[in-house]
Amino acid sequence: MSVEEQQELKQKSYAEAMRYMSNAKETLQKARKEDRFYQDRKYVRTACGTAYNGVLIALDTYLTLKDVELPKNKKRRSIEFYEQNISKIDGKLSKYLGSAYNILHLSGYYDGELSVSVITAGFDVAYDIINKIKPLTPDA
């Protein structure tokens with residue numbers, strides 16, 4: 001893949017991942033904060049699922065840029081696939097992935113965690129992951 005193709009892929013994927021994060025933030029606002037907790041589990045779960053999908057877009061792009069072959073036929077990739085491949089390339093990113101998976105996917109999406117500080121930490125790590133594919137001059 002040429003440098004120009006890499007930049008084009010980064011720009012497209014970064015913009016898409018950030019669009020997911022923007023949608024997630026909008027949804028999270030509907031959950032209404034009161035003290036240190038969100039009040040509506042449905043919106044928190046939806047926001048966390050959307051943010052985690054943004055993370056997956058970034059991770060797929062990152063792995064593609066590192067010449068890791070993604071499974072064919074649009075087969076769903078497991079967390080183990082991401083953990084195994086990313087841990088070989090970038091240990092710090094692997095830790096971010098673990099946090100994003102635990103906070104956004106498991107605690108936020110599946111369990112409906114309502115703590116503002118926990119969900120904020122999940123969103124912060126999502127942005128850290130997405131910024132790994134940030135293009136030099138984003139059109140986002």
# chains A, B, ... in the order shown; residues from 1 in each chain; ligands from 1
$ select_by_dssp --residues "chain A" --states "strand (DSSP E)" --output "ChimeraX atom specification"
/A:33-34,37-38
$ write_last_selection --atoms "N, CA and C atoms" --output "CSV table (one decimal), in the first residue's frame"
chain,number,residue,atom,x,y,z
A,33,LYS,N,-27.4,13.4,33.2
A,33,LYS,CA,-26.6,13.2,34.4
A,33,LYS,C,-27.3,13.7,35.7
A,34,GLU,N,-27.2,13.0,36.7
A,34,GLU,CA,-27.6,13.5,38.0
A,34,GLU,C,-26.6,13.0,39.1
A,37,PHE,N,-24.1,10.0,38.2
A,37,PHE,CA,-24.6,8.9,37.5
A,37,PHE,C,-25.5,9.3,36.4
A,38,TYR,N,-25.6,8.5,35.3
A,38,TYR,CA,-26.5,8.7,34.3
A,38,TYR,C,-27.9,8.2,34.7
$ residues_around --residues "A:Gly49" --least-positions-apart "3" --cutoff "10 Å" --atoms "only C-alpha atoms" --output "JSON, numbers by chain"
{"A": [20, 24, 43, 44, 45, 46, 52, 53, 54, 55, 104, 105, 106, 108, 109, 110]}
$ residues_around --residues "stretch 88-90 of chain A" --least-positions-apart "2" --cutoff "12 Å" --atoms "only C-alpha atoms" --output "list in words"
Leu59, Tyr62, Leu63, Leu65, Lys66, Asp67, Val68, Phe81, Tyr82, Glu83, Gln84, Asn85, Ile86, Lys92, Leu93, Ser94, Lys95, Tyr96, Leu97, Ile129 and Lys132 of chain A
$ write_last_selection --atoms "N, CA and C atoms" --output "compact mmCIF listing (two decimals), in the first residue's frame"
# COMPACT_ATOMS: atom_id res chain seq x y z
N LEU A 59 -9.43 0.13 14.88
CA LEU A 59 -8.56 -1.04 15.02
C LEU A 59 -8.41 -1.79 13.71
N TYR A 62 -6.03 0.25 11.68
CA TYR A 62 -4.68 0.12 12.24
C TYR A 62 -4.04 -1.19 11.80
N LEU A 63 -4.79 -2.28 11.94
CA LEU A 63 -4.25 -3.59 11.56
C LEU A 63 -4.00 -3.68 10.05
N LEU A 65 -3.18 -1.20 8.13
CA LEU A 65 -1.97 -0.41 7.88
C LEU A 65 -0.70 -1.16 8.30
N LYS A 66 -0.85 -2.08 9.25
CA LYS A 66 0.28 -2.89 9.72
C LYS A 66 0.39 -4.22 8.97
N ASP A 67 -0.34 -4.33 7.86
CA ASP A 67 -0.33 -5.52 7.00
C ASP A 67 -0.81 -6.79 7.69
N VAL A 68 -1.74 -6.64 8.63
CA VAL A 68 -2.37 -7.80 9.24
C VAL A 68 -3.62 -8.11 8.42
N PHE A 81 -9.05 -12.08 18.43
CA PHE A 81 -8.36 -11.71 17.20
C PHE A 81 -7.64 -10.37 17.39
N TYR A 82 -8.34 -9.40 17.93
CA TYR A 82 -7.74 -8.07 18.14
C TYR A 82 -6.62 -8.15 19.18
N GLU A 83 -6.87 -8.82 20.29
CA GLU A 83 -5.86 -8.91 21.35
C GLU A 83 -4.58 -9.58 20.84
N GLN A 84 -4.71 -10.68 20.15
CA GLN A 84 -3.54 -11.41 19.66
C GLN A 84 -2.73 -10.58 18.68
N ASN A 85 -3.39 -9.95 17.75
CA ASN A 85 -2.68 -9.21 16.71
C ASN A 85 -2.12 -7.89 17.20
N ILE A 86 -2.86 -7.19 18.01
CA ILE A 86 -2.40 -5.89 18.48
C ILE A 86 -1.29 -6.04 19.52
N LYS A 92 1.06 -0.85 24.35
CA LYS A 92 0.25 0.21 24.93
C LYS A 92 -1.15 0.20 24.32
N LEU A 93 -1.22 0.04 23.01
CA LEU A 93 -2.51 -0.02 22.33
C LEU A 93 -3.30 -1.24 22.80
N SER A 94 -2.60 -2.31 23.09
CA SER A 94 -3.24 -3.52 23.60
C SER A 94 -3.93 -3.24 24.94
N LYS A 95 -3.29 -2.46 25.79
CA LYS A 95 -3.90 -2.08 27.08
C LYS A 95 -5.12 -1.20 26.86
N TYR A 96 -5.02 -0.27 25.92
CA TYR A 96 -6.17 0.58 25.60
C TYR A 96 -7.33 -0.27 25.09
N LEU A 97 -7.02 -1.24 24.25
CA LEU A 97 -8.06 -2.14 23.74
C LEU A 97 -8.75 -2.86 24.89
N ILE A 129 -7.43 5.37 21.16
CA ILE A 129 -7.30 4.34 20.11
C ILE A 129 -7.53 4.96 18.74
N LYS A 132 -4.76 6.82 17.05
CA LYS A 132 -3.65 6.05 16.48
C LYS A 132 -3.71 6.03 14.95
$ closest_residue --among "A:Ala58, A:Ala47, A:Ala17, A:Ala121" --to "A:Lys30" --atoms "only C-alpha atoms"
A:Ala47
$ atom_distance --atom1 "atom CA of A:Glu113" --atom2 "atom CA of A:Asp60"
26.2 Å
$ atom_distance --atom1 "atom CA of A:Glu80" --atom2 "atom CA of A:Asn102"
13.1 Å
$ closest_residue --among "A:Cys48, A:Met1, A:Ala100, A:Leu56" --to "A:Ser13" --atoms "only C-alpha atoms"
A:Leu56
$ select_by_dssp --residues "stretch 35-112 of chain A" --states "alpha helix (DSSP H)" --output "ChimeraX atom specification"
/A:41-65,79-89,91-100
$ write_last_selection --atoms "N, CA and C atoms" --output "compact mmCIF listing (two decimals), in the first residue's frame"
# COMPACT_ATOMS: atom_id res chain seq x y z
N ARG A 41 -30.43 4.11 31.43
CA ARG A 41 -29.55 3.01 31.03
C ARG A 41 -29.60 2.73 29.52
N LYS A 42 -30.77 2.87 28.92
CA LYS A 42 -30.92 2.60 27.49
C LYS A 42 -29.98 3.47 26.67
N TYR A 43 -29.93 4.75 26.97
CA TYR A 43 -29.08 5.66 26.20
C TYR A 43 -27.59 5.41 26.48
N VAL A 44 -27.27 5.06 27.70
CA VAL A 44 -25.87 4.75 28.03
C VAL A 44 -25.43 3.51 27.25
N ARG A 45 -26.25 2.50 27.24
CA ARG A 45 -25.91 1.27 26.53
C ARG A 45 -25.74 1.53 25.03
N THR A 46 -26.66 2.29 24.46
CA THR A 46 -26.57 2.62 23.03
C THR A 46 -25.31 3.42 22.73
N ALA A 47 -25.02 4.40 23.57
CA ALA A 47 -23.83 5.25 23.37
C ALA A 47 -22.55 4.43 23.46
N CYS A 48 -22.48 3.54 24.43
CA CYS A 48 -21.28 2.72 24.60
C CYS A 48 -21.10 1.77 23.43
N GLY A 49 -22.18 1.19 22.95
CA GLY A 49 -22.09 0.31 21.79
C GLY A 49 -21.63 1.06 20.55
N THR A 50 -22.13 2.26 20.36
CA THR A 50 -21.74 3.08 19.22
C THR A 50 -20.26 3.47 19.32
N ALA A 51 -19.83 3.88 20.49
CA ALA A 51 -18.42 4.26 20.69
C ALA A 51 -17.51 3.05 20.45
N TYR A 52 -17.90 1.89 20.93
CA TYR A 52 -17.08 0.69 20.73
C TYR A 52 -16.98 0.34 19.25
N ASN A 53 -18.05 0.55 18.50
CA ASN A 53 -17.98 0.32 17.05
C ASN A 53 -17.01 1.29 16.38
N GLY A 54 -16.94 2.51 16.89
CA GLY A 54 -15.94 3.45 16.39
C GLY A 54 -14.53 2.96 16.65
N VAL A 55 -14.33 2.37 17.82
CA VAL A 55 -13.03 1.78 18.17
C VAL A 55 -12.69 0.65 17.20
N LEU A 56 -13.66 -0.19 16.88
CA LEU A 56 -13.41 -1.31 15.96
C LEU A 56 -13.03 -0.83 14.56
N ILE A 57 -13.63 0.25 14.12
CA ILE A 57 -13.26 0.83 12.82
C ILE A 57 -11.79 1.24 12.85
N ALA A 58 -11.40 1.91 13.93
CA ALA A 58 -10.01 2.35 14.06
C ALA A 58 -9.06 1.16 14.14
N LEU A 59 -9.43 0.13 14.88
CA LEU A 59 -8.56 -1.04 15.02
C LEU A 59 -8.41 -1.79 13.71
N ASP A 60 -9.49 -1.93 12.96
CA ASP A 60 -9.41 -2.59 11.66
C ASP A 60 -8.47 -1.83 10.73
N THR A 61 -8.57 -0.52 10.75
CA THR A 61 -7.70 0.31 9.93
C THR A 61 -6.25 0.19 10.39
N TYR A 62 -6.03 0.25 11.68
CA TYR A 62 -4.68 0.12 12.24
C TYR A 62 -4.04 -1.19 11.80
N LEU A 63 -4.79 -2.28 11.94
CA LEU A 63 -4.25 -3.59 11.56
C LEU A 63 -4.00 -3.68 10.05
N THR A 64 -4.88 -3.10 9.26
CA THR A 64 -4.68 -3.08 7.81
C THR A 64 -3.40 -2.33 7.47
N LEU A 65 -3.18 -1.20 8.13
CA LEU A 65 -1.97 -0.41 7.88
C LEU A 65 -0.70 -1.16 8.30
N ILE A 79 -12.76 -10.58 20.04
CA ILE A 79 -11.82 -9.79 20.84
C ILE A 79 -10.47 -10.48 20.87
N GLU A 80 -10.46 -11.80 20.84
CA GLU A 80 -9.20 -12.55 20.83
C GLU A 80 -8.38 -12.23 19.58
N PHE A 81 -9.05 -12.08 18.43
CA PHE A 81 -8.36 -11.71 17.20
C PHE A 81 -7.64 -10.37 17.39
N TYR A 82 -8.34 -9.40 17.93
CA TYR A 82 -7.74 -8.07 18.14
C TYR A 82 -6.62 -8.15 19.18
N GLU A 83 -6.87 -8.82 20.29
CA GLU A 83 -5.86 -8.91 21.35
C GLU A 83 -4.58 -9.58 20.84
N GLN A 84 -4.71 -10.68 20.15
CA GLN A 84 -3.54 -11.41 19.66
C GLN A 84 -2.73 -10.58 18.68
N ASN A 85 -3.39 -9.95 17.75
CA ASN A 85 -2.68 -9.21 16.71
C ASN A 85 -2.12 -7.89 17.20
N ILE A 86 -2.86 -7.19 18.01
CA ILE A 86 -2.40 -5.89 18.48
C ILE A 86 -1.29 -6.04 19.52
N SER A 87 -1.37 -7.06 20.36
CA SER A 87 -0.32 -7.25 21.37
C SER A 87 1.04 -7.53 20.73
N LYS A 88 1.05 -8.08 19.52
CA LYS A 88 2.31 -8.34 18.81
C LYS A 88 2.93 -7.05 18.26
N ILE A 89 2.10 -6.03 18.09
CA ILE A 89 2.54 -4.80 17.43
C ILE A 89 2.78 -3.66 18.41
N GLY A 91 2.13 -2.80 22.58
CA GLY A 91 1.68 -3.16 23.92
C GLY A 91 0.77 -2.13 24.56
N LYS A 92 1.06 -0.85 24.35
CA LYS A 92 0.25 0.21 24.93
C LYS A 92 -1.15 0.20 24.32
N LEU A 93 -1.22 0.04 23.01
CA LEU A 93 -2.51 -0.02 22.33
C LEU A 93 -3.30 -1.24 22.80
N SER A 94 -2.60 -2.31 23.09
CA SER A 94 -3.24 -3.52 23.60
C SER A 94 -3.93 -3.24 24.94
N LYS A 95 -3.29 -2.46 25.79
CA LYS A 95 -3.90 -2.08 27.08
C LYS A 95 -5.12 -1.20 26.86
N TYR A 96 -5.02 -0.27 25.92
CA TYR A 96 -6.17 0.58 25.60
C TYR A 96 -7.33 -0.27 25.09
N LEU A 97 -7.02 -1.24 24.25
CA LEU A 97 -8.06 -2.14 23.74
C LEU A 97 -8.75 -2.86 24.89
N GLY A 98 -7.98 -3.38 25.83
CA GLY A 98 -8.56 -4.08 26.97
C GLY A 98 -9.51 -3.19 27.75
N SER A 99 -9.10 -1.95 27.96
CA SER A 99 -9.96 -1.00 28.69
C SER A 99 -11.21 -0.67 27.90
N ALA A 100 -11.06 -0.40 26.62
CA ALA A 100 -12.23 -0.08 25.79
C ALA A 100 -13.21 -1.24 25.77
$ atom_distance --atom1 "atom CA of A:Arg36" --atom2 "atom CA of A:Gly112"
14.7 Å
